[in-house]
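Asks: I'd like to ask you about the structure that follows.
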Amino acid sequence: MIDLPIKRLHPDAVIPVRAYAGDAGLDLAACERVALAPGERALVATGLAVAIPEGHAGYVQPRSGLAAKNGITIVNAPGLVDSGYRGELKVSLLNTDKHETFVVEPGMRIAQLVVLKIPEVRPLEVNDLPDTERGDRGFGSSSV
């Protein structure tokens with residue numbers, strides 16, 4: 001287990017928790033009221049800053065319930081929080097519904113933060129890559 005230092009930037013900010021034991025993500029809540037018209041996007045504040053441990057990264061993921069019931073997703077899903085970032089966590093929400101405005105209220109769970117260990121990668125330029133069964137076949141190559 002690793003500790004995730006969290007700083008409240010706003011007195012009403014909600015410290016993230018897991019909804020159920022064993023959940024991968026910590027629920028992030030809005031710290032402001034935002035109305036998202038159909039097709040509109042907005043950067044929604046959480047009122048929190050975190051210190052992702054070195055060697056790890058934070059991924060801000062959509063909440064499946066908001067997506068399925070209201071068409072609310074995250075524009076840059078998953079949003080990446082690097083270990084060196086210390087600013088406020090904000091979530092770029094998008095209302096995909098064609099007819100209904102969606103109102104985000106303070107305290108509403110709007111996203112999930114998943115923290116994963118990331119290996120250090122060193123780019124290595126080569127003349128050829130190892131062969132694989134798939135090769136260079138791209139989108140739709142598996143006919144699925």
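All residue names refer to the structure tokens as shown: chains lettered A, B, ... in order, residues numbered from 1 in each chain, ligands numbered from 1 in order.
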Where does DSSP see strand (DSSP E) in chain A, if you list the residues as a PyMOL selection string?

Replies: chain A and resi 6-8+26-29+34-36+41-50+56-61+72-74+79-81+88-95+102-104+109-117

Asks: May I have the selected residues written with N, CA and C atoms, as a compact mmCIF listing (two decimals), in the first residue's frame?

Replies:
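As a result, part_33.txt now contains:
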```txt
# COMPACT_ATOMS: atom_id res chain seq x y z
N ILE A 6 -2.82 14.31 0.03
CA ILE A 6 -3.88 15.12 -0.59
C ILE A 6 -3.99 16.43 0.18
N LYS A 7 -4.03 17.53 -0.57
CA LYS A 7 -4.18 18.84 0.05
C LYS A 7 -5.50 19.46 -0.39
N ARG A 8 -6.28 19.89 0.60
CA ARG A 8 -7.54 20.59 0.33
C ARG A 8 -7.22 22.03 -0.06
N LEU A 26 -10.40 5.98 -6.76
CA LEU A 26 -10.89 6.85 -5.70
C LEU A 26 -11.84 7.85 -6.34
N ASP A 27 -13.03 8.01 -5.81
CA ASP A 27 -14.01 8.92 -6.39
C ASP A 27 -13.61 10.38 -6.19
N LEU A 28 -13.57 11.13 -7.28
CA LEU A 28 -13.30 12.56 -7.23
C LEU A 28 -14.63 13.31 -7.32
N ALA A 29 -14.80 14.31 -6.45
CA ALA A 29 -16.04 15.08 -6.41
C ALA A 29 -15.80 16.51 -6.88
N VAL A 34 -21.59 23.56 -12.04
CA VAL A 34 -21.38 23.81 -13.47
C VAL A 34 -22.55 23.21 -14.24
N ALA A 35 -23.15 24.00 -15.11
CA ALA A 35 -24.21 23.49 -16.00
C ALA A 35 -23.59 23.21 -17.36
N LEU A 36 -23.74 21.97 -17.81
CA LEU A 36 -23.22 21.54 -19.11
C LEU A 36 -24.38 21.36 -20.08
N ARG A 41 -18.57 21.24 -23.02
CA ARG A 41 -17.54 20.71 -22.13
C ARG A 41 -17.11 21.81 -21.17
N ALA A 42 -16.60 21.40 -20.00
CA ALA A 42 -16.13 22.37 -19.00
C ALA A 42 -15.08 21.71 -18.12
N LEU A 43 -14.14 22.52 -17.68
CA LEU A 43 -13.13 22.09 -16.74
C LEU A 43 -13.70 22.30 -15.33
N VAL A 44 -13.92 21.20 -14.61
CA VAL A 44 -14.58 21.25 -13.31
C VAL A 44 -13.56 21.04 -12.20
N ALA A 45 -13.52 21.97 -11.26
CA ALA A 45 -12.56 21.93 -10.15
C ALA A 45 -12.97 20.89 -9.11
N THR A 46 -11.95 20.26 -8.51
CA THR A 46 -12.19 19.35 -7.38
C THR A 46 -11.82 20.00 -6.05
N GLY A 47 -11.05 21.09 -6.10
CA GLY A 47 -10.60 21.74 -4.87
C GLY A 47 -9.50 20.97 -4.16
N LEU A 48 -8.85 20.04 -4.88
CA LEU A 48 -7.81 19.20 -4.30
C LEU A 48 -6.54 19.23 -5.12
N ALA A 49 -5.41 19.06 -4.45
CA ALA A 49 -4.13 18.80 -5.10
C ALA A 49 -3.60 17.51 -4.48
N VAL A 50 -2.86 16.74 -5.26
CA VAL A 50 -2.32 15.47 -4.76
C VAL A 50 -0.83 15.40 -5.08
N HIS A 56 5.01 6.54 -10.13
CA HIS A 56 3.59 6.25 -10.31
C HIS A 56 2.97 7.35 -11.17
N ALA A 57 1.77 7.12 -11.64
CA ALA A 57 1.00 8.12 -12.37
C ALA A 57 -0.45 8.01 -11.94
N GLY A 58 -1.15 9.12 -11.97
CA GLY A 58 -2.57 9.13 -11.67
C GLY A 58 -3.36 9.22 -12.96
N TYR A 59 -4.41 8.44 -13.08
CA TYR A 59 -5.27 8.46 -14.26
C TYR A 59 -6.68 8.84 -13.83
N VAL A 60 -7.18 9.93 -14.41
CA VAL A 60 -8.53 10.40 -14.10
C VAL A 60 -9.47 9.76 -15.12
N GLN A 61 -10.37 8.91 -14.62
CA GLN A 61 -11.25 8.10 -15.46
C GLN A 61 -12.70 8.56 -15.32
N ILE A 72 -22.36 11.64 -19.60
CA ILE A 72 -21.26 12.49 -19.15
C ILE A 72 -19.97 11.69 -19.19
N THR A 73 -18.97 12.24 -19.88
CA THR A 73 -17.68 11.57 -19.98
C THR A 73 -16.57 12.59 -19.78
N ILE A 74 -15.33 12.14 -19.92
CA ILE A 74 -14.17 13.01 -19.78
C ILE A 74 -13.54 13.15 -21.16
N GLY A 79 -7.39 11.20 -18.13
CA GLY A 79 -6.52 12.34 -17.87
C GLY A 79 -5.31 11.85 -17.09
N LEU A 80 -4.15 12.36 -17.44
CA LEU A 80 -2.91 11.91 -16.81
C LEU A 80 -2.42 12.92 -15.79
N VAL A 81 -2.14 12.45 -14.57
CA VAL A 81 -1.57 13.29 -13.52
C VAL A 81 -0.16 12.75 -13.25
N GLU A 88 -4.11 22.03 -8.81
CA GLU A 88 -5.45 21.50 -8.55
C GLU A 88 -5.85 20.45 -9.58
N LEU A 89 -6.48 19.38 -9.10
CA LEU A 89 -7.05 18.39 -10.00
C LEU A 89 -8.34 18.98 -10.57
N LYS A 90 -8.41 19.04 -11.89
CA LYS A 90 -9.62 19.49 -12.57
C LYS A 90 -9.99 18.42 -13.58
N VAL A 91 -11.28 18.30 -13.83
CA VAL A 91 -11.79 17.24 -14.71
C VAL A 91 -12.48 17.90 -15.90
N SER A 92 -12.05 17.53 -17.11
CA SER A 92 -12.62 18.09 -18.33
C SER A 92 -13.83 17.25 -18.75
N LEU A 93 -15.01 17.64 -18.23
CA LEU A 93 -16.24 16.89 -18.50
C LEU A 93 -16.87 17.31 -19.81
N LEU A 94 -17.54 16.36 -20.46
CA LEU A 94 -18.26 16.57 -21.71
C LEU A 94 -19.64 15.97 -21.59
N ASN A 95 -20.66 16.76 -21.95
CA ASN A 95 -22.04 16.27 -21.98
C ASN A 95 -22.33 15.80 -23.40
N PHE A 102 -26.90 18.98 -18.22
CA PHE A 102 -26.53 18.25 -17.02
C PHE A 102 -25.90 19.24 -16.05
N VAL A 103 -26.37 19.25 -14.81
CA VAL A 103 -25.84 20.17 -13.81
C VAL A 103 -24.97 19.40 -12.82
N VAL A 104 -23.72 19.82 -12.74
CA VAL A 104 -22.78 19.28 -11.76
C VAL A 104 -22.93 20.13 -10.50
N ARG A 109 -19.92 13.20 -7.23
CA ARG A 109 -18.80 12.40 -7.74
C ARG A 109 -18.80 12.46 -9.27
N ILE A 110 -17.69 12.95 -9.84
CA ILE A 110 -17.64 13.20 -11.28
C ILE A 110 -16.59 12.37 -12.01
N ALA A 111 -15.67 11.75 -11.29
CA ALA A 111 -14.60 11.00 -11.94
C ALA A 111 -13.97 10.07 -10.91
N GLN A 112 -13.01 9.28 -11.38
CA GLN A 112 -12.25 8.40 -10.50
C GLN A 112 -10.77 8.63 -10.74
N LEU A 113 -9.99 8.56 -9.68
CA LEU A 113 -8.54 8.65 -9.79
C LEU A 113 -7.95 7.28 -9.51
N VAL A 114 -7.22 6.76 -10.50
CA VAL A 114 -6.54 5.47 -10.36
C VAL A 114 -5.04 5.76 -10.37
N VAL A 115 -4.32 5.26 -9.38
CA VAL A 115 -2.87 5.46 -9.29
C VAL A 115 -2.19 4.13 -9.61
N LEU A 116 -1.29 4.17 -10.60
CA LEU A 116 -0.60 2.96 -11.05
C LEU A 116 0.91 3.16 -11.06
N LYS A 117 1.62 2.09 -10.78
CA LYS A 117 3.09 2.11 -10.87
C LYS A 117 3.47 2.14 -12.35
```

Asks: Where does DSSP see helix (DSSP H, G or I) in segment 3-142 of chain A, if you list the residues as number ranges by chain?

Replies: A: 64-70

Asks: Selection from above, N, CA, C and O atoms, as a short mmCIF file (atom, residue, chain, number, x, y, z; two decimals), in the first residue's frame, can you write it?

Replies:
```cif
data_model
loop_
_atom_site.label_atom_id
_atom_site.label_comp_id
_atom_site.auth_asym_id
_atom_site.auth_seq_id
_atom_site.Cartn_x
_atom_site.Cartn_y
_atom_site.Cartn_z
N SER A 64 -18.67 5.28 -14.77
CA SER A 64 -19.54 4.54 -15.68
C SER A 64 -21.01 4.90 -15.50
O SER A 64 -21.76 4.96 -16.46
N GLY A 65 -21.44 5.15 -14.27
CA GLY A 65 -22.84 5.51 -14.01
C GLY A 65 -23.21 6.83 -14.66
O GLY A 65 -24.29 6.95 -15.26
N LEU A 66 -22.34 7.84 -14.56
CA LEU A 66 -22.62 9.13 -15.21
C LEU A 66 -22.66 8.98 -16.72
O LEU A 66 -23.47 9.61 -17.41
N ALA A 67 -21.77 8.15 -17.25
CA ALA A 67 -21.74 7.94 -18.70
C ALA A 67 -23.01 7.23 -19.18
O ALA A 67 -23.65 7.67 -20.14
N ALA A 68 -23.38 6.15 -18.51
CA ALA A 68 -24.53 5.35 -18.95
C ALA A 68 -25.86 6.07 -18.74
O ALA A 68 -26.73 6.02 -19.61
N LYS A 69 -26.01 6.75 -17.61
CA LYS A 69 -27.30 7.38 -17.30
C LYS A 69 -27.46 8.77 -17.88
O LYS A 69 -28.58 9.19 -18.20
N ASN A 70 -26.35 9.52 -17.99
CA ASN A 70 -26.45 10.92 -18.38
C ASN A 70 -25.59 11.32 -19.58
O ASN A 70 -25.63 12.49 -19.99
#
```

Asks: Give me, as number ranges by chain, all polymer residues having an atom no more than 6 Å from Pro106 of chain A, counting only C-alpha atoms and skipping those fewer than 6 positions away in the same chain.

Replies: A: 30-33

Asks: Write out as a PyMOL selection string each polymer residue whose atoms come within 9 Å of Glu54 of chain A, counting only C-alpha atoms; drop sequence neighbours fewer than 4 positions from it.

Replies: chain A and resi 82-84+117-118
